[in-house]
>>> print(open('model.csv').read())   # CSV, C-alpha atoms
chain,number,residue,atom,x,y,z
A,104,MET,CA,206.9,123.1,48.7
A,105,VAL,CA,209.5,120.6,49.7
A,106,THR,CA,211.4,121.4,52.9
A,107,ILE,CA,215.0,120.4,53.5
A,108,ALA,CA,216.3,120.7,57.1
A,109,HIS,CA,220.0,121.0,57.8
A,110,ALA,CA,221.2,119.9,61.2
A,111,ALA,CA,223.6,122.8,61.7
A,112,ALA,CA,226.9,122.7,63.6
A,113,LEU,CA,228.9,125.8,64.3
A,114,THR,CA,232.1,124.4,62.9
A,115,GLU,CA,234.1,124.6,59.7
A,116,GLU,CA,233.4,120.8,59.2
A,117,ASP,CA,229.8,121.7,58.6
A,118,ALA,CA,230.7,123.2,55.2
A,119,LEU,CA,230.4,119.9,53.2
A,120,PRO,CA,227.0,118.8,54.6
A,121,PHE,CA,225.7,122.3,54.3
A,122,ALA,CA,226.8,122.5,50.6
A,123,HIS,CA,224.7,119.3,50.0
A,124,SER,CA,221.7,121.0,51.7
A,125,VAL,CA,222.0,124.1,49.5
A,126,ALA,CA,222.6,122.2,46.3
A,127,LEU,CA,219.7,119.9,46.8
A,128,ALA,CA,217.4,122.8,47.8
A,129,ARG,CA,218.5,124.7,44.6
A,130,SER,CA,217.9,121.7,42.3
A,131,SER,CA,214.5,120.9,43.8
A,132,GLY,CA,213.2,124.4,44.5
A,133,ALA,CA,212.9,123.5,48.2
A,134,GLU,CA,212.9,125.7,51.2
A,135,LEU,CA,216.1,125.2,53.3
A,136,VAL,CA,215.9,125.5,57.1
A,137,ALA,CA,219.1,125.3,59.1
A,138,VAL,CA,218.3,123.9,62.6
A,139,HIS,CA,220.6,124.4,65.6
A,140,ALA,CA,220.1,123.5,69.2
A,141,SER,CA,221.2,126.3,71.5
A,142,ASN,CA,220.0,128.8,74.1
A,143,ASP,CA,222.7,131.2,73.0
A,144,PRO,CA,221.2,134.3,71.3
A,145,SER,CA,224.4,134.7,69.2
A,146,ALA,CA,224.2,131.2,67.7
A,147,GLU,CA,222.2,132.3,64.7
A,148,SER,CA,224.9,134.8,63.6
A,149,ARG,CA,227.5,132.0,63.6
A,150,MET,CA,225.5,129.6,61.4
A,151,LEU,CA,226.5,129.1,57.8
A,152,ASP,CA,224.6,131.3,55.3
A,153,ALA,CA,223.1,129.9,52.1
A,154,LYS,CA,223.3,133.3,50.4
A,155,ALA,CA,227.1,133.4,50.9
A,156,VAL,CA,227.4,129.8,49.6
A,157,LEU,CA,225.4,130.6,46.5
A,158,GLU,CA,227.4,133.7,45.8
A,159,GLY,CA,230.6,131.7,46.2
A,160,TRP,CA,229.3,129.4,43.5
A,161,GLY,CA,228.6,132.4,41.2
A,162,GLU,CA,224.9,132.0,41.5
A,163,ASN,CA,221.9,134.2,42.5
A,164,ALA,CA,222.1,134.6,46.3
A,165,ASP,CA,218.3,134.4,46.5
A,166,ALA,CA,218.0,131.1,44.5
A,167,VAL,CA,217.1,129.2,47.6
A,168,PRO,CA,214.5,130.2,50.2
A,169,TYR,CA,216.5,130.0,53.4
A,170,ARG,CA,216.0,130.6,57.1
A,171,LYS,CA,217.7,129.8,60.3
A,172,LEU,CA,216.0,128.1,63.3
A,173,VAL,CA,217.7,128.2,66.7
A,174,HIS,CA,215.8,126.0,69.0
A,175,SER,CA,215.9,125.5,72.8
A,176,CYS,CA,213.8,123.1,74.8
A,177,CYS,CA,215.9,120.4,76.5
A,178,ASP,CA,219.2,120.0,78.3
A,179,ASP,CA,220.4,117.5,75.7
A,180,PRO,CA,221.2,119.1,72.3
A,181,VAL,CA,220.3,116.0,70.4
A,182,ASP,CA,216.8,115.9,72.0
A,183,THR,CA,216.5,119.6,71.3
A,184,THR,CA,217.4,119.1,67.6
A,185,LEU,CA,214.9,116.2,67.4
A,186,ASP,CA,212.2,118.4,69.0
A,187,ALA,CA,212.8,121.1,66.4
A,188,LEU,CA,212.7,118.6,63.5
A,189,ARG,CA,209.4,117.1,64.7
A,190,GLY,CA,207.8,120.5,64.7
A,191,LEU,CA,209.3,121.4,61.3
A,192,THR,CA,208.3,118.1,59.6
A,193,PRO,CA,210.8,118.3,56.8
A,194,ASP,CA,210.9,116.1,53.7
A,195,LEU,CA,214.6,115.6,54.0
A,196,VAL,CA,217.2,116.0,56.8
A,197,VAL,CA,220.9,116.5,56.0
A,198,ALA,CA,223.5,116.1,58.7
A,199,GLY,CA,227.2,115.5,59.0
A,200,THR,CA,228.8,112.9,61.1
A,201,HIS,CA,232.3,111.8,62.3
A,202,GLN,CA,233.2,108.2,61.4
A,203,ARG,CA,233.8,106.7,64.8
A,204,GLU,CA,233.8,103.0,65.7
A,205,GLY,CA,234.0,100.8,68.8
A,206,ILE,CA,234.2,102.3,72.3
A,207,VAL,CA,234.6,105.8,70.9
A,208,ARG,CA,231.1,105.5,69.2
A,209,LEU,CA,229.6,104.4,72.5
A,210,VAL,CA,231.0,107.4,74.3
A,211,LEU,CA,230.5,110.0,71.6
A,212,ASP,CA,227.2,108.7,70.0
A,213,SER,CA,226.6,110.5,66.7
A,214,ARG,CA,223.9,113.2,66.5
A,215,ALA,CA,223.3,112.2,62.9
A,216,GLU,CA,222.6,108.6,63.9
A,217,ALA,CA,220.1,109.7,66.5
A,218,ILE,CA,218.3,111.9,63.9
A,219,ALA,CA,218.2,109.0,61.3
A,220,GLN,CA,216.7,106.7,64.0
A,221,ASN,CA,214.1,109.1,65.3
A,222,VAL,CA,212.6,111.3,62.5
A,223,ALA,CA,210.1,110.2,59.9
A,224,ALA,CA,211.9,112.0,57.0
A,225,PRO,CA,214.8,110.3,55.2
A,226,THR,CA,218.2,111.5,56.5
A,227,LEU,CA,221.2,112.2,54.3
A,228,ILE,CA,224.3,111.5,56.3
A,229,VAL,CA,227.5,113.2,54.9
A,230,PRO,CA,230.6,111.7,56.6
A,231,ILE,CA,233.1,114.4,57.5
A,232,GLY,CA,236.2,113.9,55.4
A,233,ALA,CA,234.5,111.6,52.9
A,234,ARG,CA,233.7,112.2,49.3
A,235,GLY,CA,230.5,114.1,48.7
A,236,PHE,CA,228.4,114.4,45.5
A,237,VAL,CA,228.5,118.2,45.6
A,238,ALA,CA,231.7,120.2,44.8
A,239,GLY,CA,232.0,123.9,43.8
A,240,GLY,CA,228.2,124.1,43.5
A,241,GLN,CA,228.1,121.2,41.0
A,242,LEU,CA,225.7,118.4,42.0
A,243,ARG,CA,227.0,115.1,40.6
A,244,LEU,CA,224.8,112.1,41.5
A,245,ARG,CA,225.5,109.4,38.9
A,246,ARG,CA,225.8,106.1,40.7
A,247,ILE,CA,223.5,105.0,43.6
A,248,LEU,CA,224.0,101.8,45.5
A,249,VAL,CA,220.9,100.1,47.1
A,250,PRO,CA,221.6,97.1,49.4
A,251,ALA,CA,218.9,94.6,48.8
A,252,GLY,CA,218.8,92.2,51.7
A,253,ASP,CA,215.2,91.1,50.9
A,254,ALA,CA,212.4,92.2,48.7
A,255,ALA,CA,211.0,94.7,51.1
A,256,ALA,CA,214.3,96.4,51.6
A,257,ALA,CA,215.0,96.4,47.8
A,258,GLU,CA,211.6,98.0,47.1
A,259,ALA,CA,212.0,100.6,49.9
A,260,GLY,CA,215.5,101.4,48.9
A,261,CYS,CA,214.6,101.8,45.2
A,262,LYS,CA,211.7,104.1,46.2
A,263,ALA,CA,214.0,106.3,48.2
A,264,ALA,CA,216.7,106.3,45.5
A,265,ARG,CA,214.1,107.4,42.9
A,266,TRP,CA,213.0,110.2,45.2
A,267,MET,CA,216.6,111.4,45.5
A,268,ILE,CA,217.0,111.2,41.7
A,269,ASP,CA,213.9,113.4,41.2
A,270,LEU,CA,215.0,115.8,44.0
A,271,SER,CA,218.5,116.3,42.5
A,272,LYS,CA,217.2,116.3,38.9
A,273,SER,CA,220.2,114.1,37.9
A,274,PRO,CA,219.7,113.5,34.2
A,275,GLU,CA,221.4,110.1,33.9
A,276,GLY,CA,223.1,107.4,36.0
A,277,GLU,CA,223.1,103.9,37.3
A,278,LEU,CA,221.3,102.3,40.2
A,279,ILE,CA,223.1,99.2,41.6
A,280,LEU,CA,221.0,96.7,43.5
A,281,MET,CA,223.4,94.7,45.6
A,282,HIS,CA,222.7,91.5,47.6
A,283,VAL,CA,225.3,90.5,50.2
A,284,GLY,CA,225.0,86.8,51.1
A,285,GLN,CA,223.6,83.8,49.5
A,286,GLY,CA,220.7,83.8,47.0
A,287,GLU,CA,219.6,86.0,44.1
A,288,VAL,CA,219.3,89.7,44.2
A,289,PRO,CA,215.7,90.5,45.1
A,290,GLY,CA,213.6,93.2,43.7
A,291,GLY,CA,211.7,93.9,40.5
A,292,ASP,CA,211.5,97.0,38.3
A,293,PRO,CA,213.0,99.9,40.2
A,294,ASN,CA,210.9,102.4,38.1
A,295,LEU,CA,213.8,104.6,37.2
A,296,PRO,CA,213.4,107.8,35.0
A,297,GLU,CA,214.6,108.0,31.5
A,298,GLY,CA,218.4,108.2,31.4
A,299,TRP,CA,218.9,105.9,34.4
A,300,SER,CA,219.7,102.2,34.2
A,301,CYS,CA,219.7,99.4,36.8
A,302,SER,CA,222.3,96.7,37.4
A,303,ARG,CA,222.4,93.8,39.9
A,304,GLU,CA,225.4,92.6,41.9
A,305,SER,CA,226.0,89.8,44.5
A,306,ALA,CA,228.7,89.9,47.1
A,307,SER,CA,229.9,87.9,50.1
A,308,GLY,CA,231.3,89.1,53.4
A,309,LYS,CA,230.2,91.4,56.3
A,310,LEU,CA,227.6,93.9,55.0
A,311,GLU,CA,229.4,97.0,56.4
A,312,GLU,CA,232.8,95.9,54.9
A,313,VAL,CA,231.3,95.1,51.5
A,314,LEU,CA,229.4,98.4,51.3
A,315,GLY,CA,232.4,100.3,52.7
A,316,GLU,CA,234.5,99.0,49.8
A,317,ALA,CA,231.7,99.6,47.3
A,318,SER,CA,231.2,103.1,48.5
A,319,GLN,CA,234.5,104.1,46.8
A,320,ARG,CA,232.9,103.7,43.4
A,321,VAL,CA,229.4,105.2,44.0
A,322,ASP,CA,228.1,108.7,44.9
A,323,LEU,CA,225.4,107.6,47.3
A,324,ILE,CA,224.3,104.6,49.3
A,325,VAL,CA,220.5,104.3,50.0
A,326,MET,CA,219.6,102.1,52.9
A,327,ALA,CA,216.2,101.1,54.2
A,328,THR,CA,216.7,100.3,57.9
A,329,ARG,CA,214.6,98.5,60.5
A,330,GLY,CA,216.6,100.3,63.2
A,331,ARG,CA,218.1,98.6,66.2
A,332,ASP,CA,216.5,95.1,66.5
A,333,SER,CA,218.7,93.5,69.2
A,334,VAL,CA,221.0,94.0,72.1
A,335,HIS,CA,223.9,93.6,69.7
A,336,ASP,CA,222.7,96.4,67.6
A,337,ALA,CA,222.3,98.6,70.6
A,338,ILE,CA,226.0,98.0,71.4
A,339,VAL,CA,227.6,98.2,68.0
A,340,GLY,CA,225.0,99.9,66.0
A,341,SER,CA,222.5,98.8,63.3
A,342,HIS,CA,223.7,97.7,59.9
A,343,THR,CA,223.0,101.2,58.7
A,344,GLU,CA,224.9,102.9,61.5
A,345,ARG,CA,227.9,100.7,60.9
A,346,VAL,CA,227.8,101.6,57.2
A,347,PHE,CA,227.8,105.3,58.2
A,348,HIS,CA,231.2,104.7,59.8
A,349,ARG,CA,232.8,103.0,56.8
A,350,ALA,CA,231.3,104.7,53.8
A,351,ASP,CA,233.4,106.9,51.6
A,352,CYS,CA,230.3,108.7,50.3
A,353,PRO,CA,227.0,110.0,51.7
A,354,VAL,CA,224.4,107.6,53.0
A,355,LEU,CA,220.7,108.1,52.8
A,356,GLY,CA,218.9,106.3,55.6
A,357,ARG,CA,215.2,105.8,56.0
A,358,ARG,CA,213.2,103.7,58.5
A,359,LEU,CA,211.5,100.9,56.7
A,360,ARG,CA,208.2,101.2,58.7
A,361,TRP,CA,207.8,104.8,57.6
A,362,LEU,CA,208.4,104.0,54.0
A,363,PHE,CA,205.4,101.7,53.9
A,364,ALA,CA,203.2,103.7,56.3
>>> encode(input="model.csv", output="structure tokens")
Amino acid sequence: MVTIAHAAALTEEDALPFAHSVALARSSGAELVAVHASNDPSAESRMLDAKAVLEGWGENADAVPYRKLVHSCCDDPVDTTLDALRGLTPDLVVAGTHQREGIVRLVLDSRAEAIAQNVAAPTLIVPIGARGFVAGGQLRLRRILVPAGDAAAAEAGCKAARWMIDLSKSPEGELILMHVGQGEVPGGDPNLPEGWSCSRESASGKLEEVLGEASQRVDLIVMATRGRDSVHDAIVGSHTERVFHRADCPVLGRRLRWLFA
């Protein structure tokens, strides 16, 4: 059985990321595990409940196998969350993030970014306040954008996008392979299911700015990331992290080395 882990926050802002977790678990038949870092015994009672969400959508409250995991091991809540996820070994992690930039990002580093950088599973980042592809229980994943900087990134991104299409059981849609910069769009046959088509686009400009604008017309961006490769990345974030802060839709990030492991 597929396992989806939701990095739970005890705030109302967690509702949109949690809705994506529940909807994807429902569509795929996955087990959903909400993970929260805390040594407070009352934390579990304050976590969102999948049964209540499903009932609010007018569906069977038991449609998704669901459990809560409150984990305590470290002083830092991010390290504690990562420790829990490593023990759980989920197939997908879903987390919400605030879209911070500049010095604010340095001071308030995103938990979602830390998860995406340090777990083997792909991580679906749902920006707080942005558009999601789940609303009122309806899962609408129709346009997916895959940045294709080189052939390896294009292949990895298409593989991850196909996995999300299968997980969501989206019957039809379009995958857009986009190359930012000079040269042709790399990548061969993305191996899409029946009902899905592939188009290729070229653009110029800063990657995060181009993708931020493009995010307004797609439902999901899938990025294969090599992580932080330089001092510059450590200061301002990797390309993927910078896209997290500009995207108007969820972003699926996956470490390139794990995709080809």
>>> closest_atom_pairs(input="model.csv", of="stretch 108-154 of chain A", to="stretch 236-258 of chain A", cutoff="7 Å", atoms="all atoms listed in the file", output="tab-separated table")
residue	atom	partner	partner_atom	distance
A:Ala122	CA	A:Val237	CA	6.8
A:His123	CA	A:Val237	CA	5.9
A:Ala126	CA	A:Leu242	CA	6.5
>>> atom_distance(input="model.csv", atom1="atom CA of A:Ala198", atom2="atom CA of A:Ala111")
7.3 Å
>>> atom_distance(input="model.csv", atom1="atom CA of A:Cys177", atom2="atom CA of A:Ser141")
9.4 Å
>>> closest_residue(input="model.csv", among="A:Val196, A:Ala140, A:Ala118, A:Met150", to="A:Thr106", atoms="only C-alpha atoms")
A:Val196
>>> residues_around(input="model.csv", residues="A:Ala166", least_positions_apart="4", cutoff="8 Å", atoms="all atoms listed in the file", output="list in words")
Arg129, Leu157 and Glu162 of chain A
>>> atom_distance(input="model.csv", atom1="atom CA of A:Trp266", atom2="atom CA of A:Leu295")
9.8 Å
>>> residues_around(input="model.csv", residues="A:Ala110", least_positions_apart="2", cutoff="7 Å", atoms="only C-alpha atoms", output="PyMOL selection string")
chain A and resi 108+112+137-139+197-198
>>> closest_residue(input="model.csv", among="A:Glu115, A:Asp182, A:Glu134, A:Asp292", to="A:Arg149", atoms="all atoms listed in the file")
A:Glu115
>>> closest_residue(input="model.csv", among="A:Ile107, A:Val346, A:Ile268, A:Cys301", to="A:Val313", atoms="all atoms listed in the file")
A:Val346
>>> residues_around(input="model.csv", residues="A:Val136", least_positions_apart="4", cutoff="7 Å", atoms="all atoms listed in the file", output="MDAnalysis selection string")
chainID A and resid 107:109 169:172
>>> closest_residue(input="model.csv", among="A:Gly235, A:Gly132, A:Gly199, A:Gly260", to="A:Met281", atoms="only C-alpha atoms")
A:Gly260
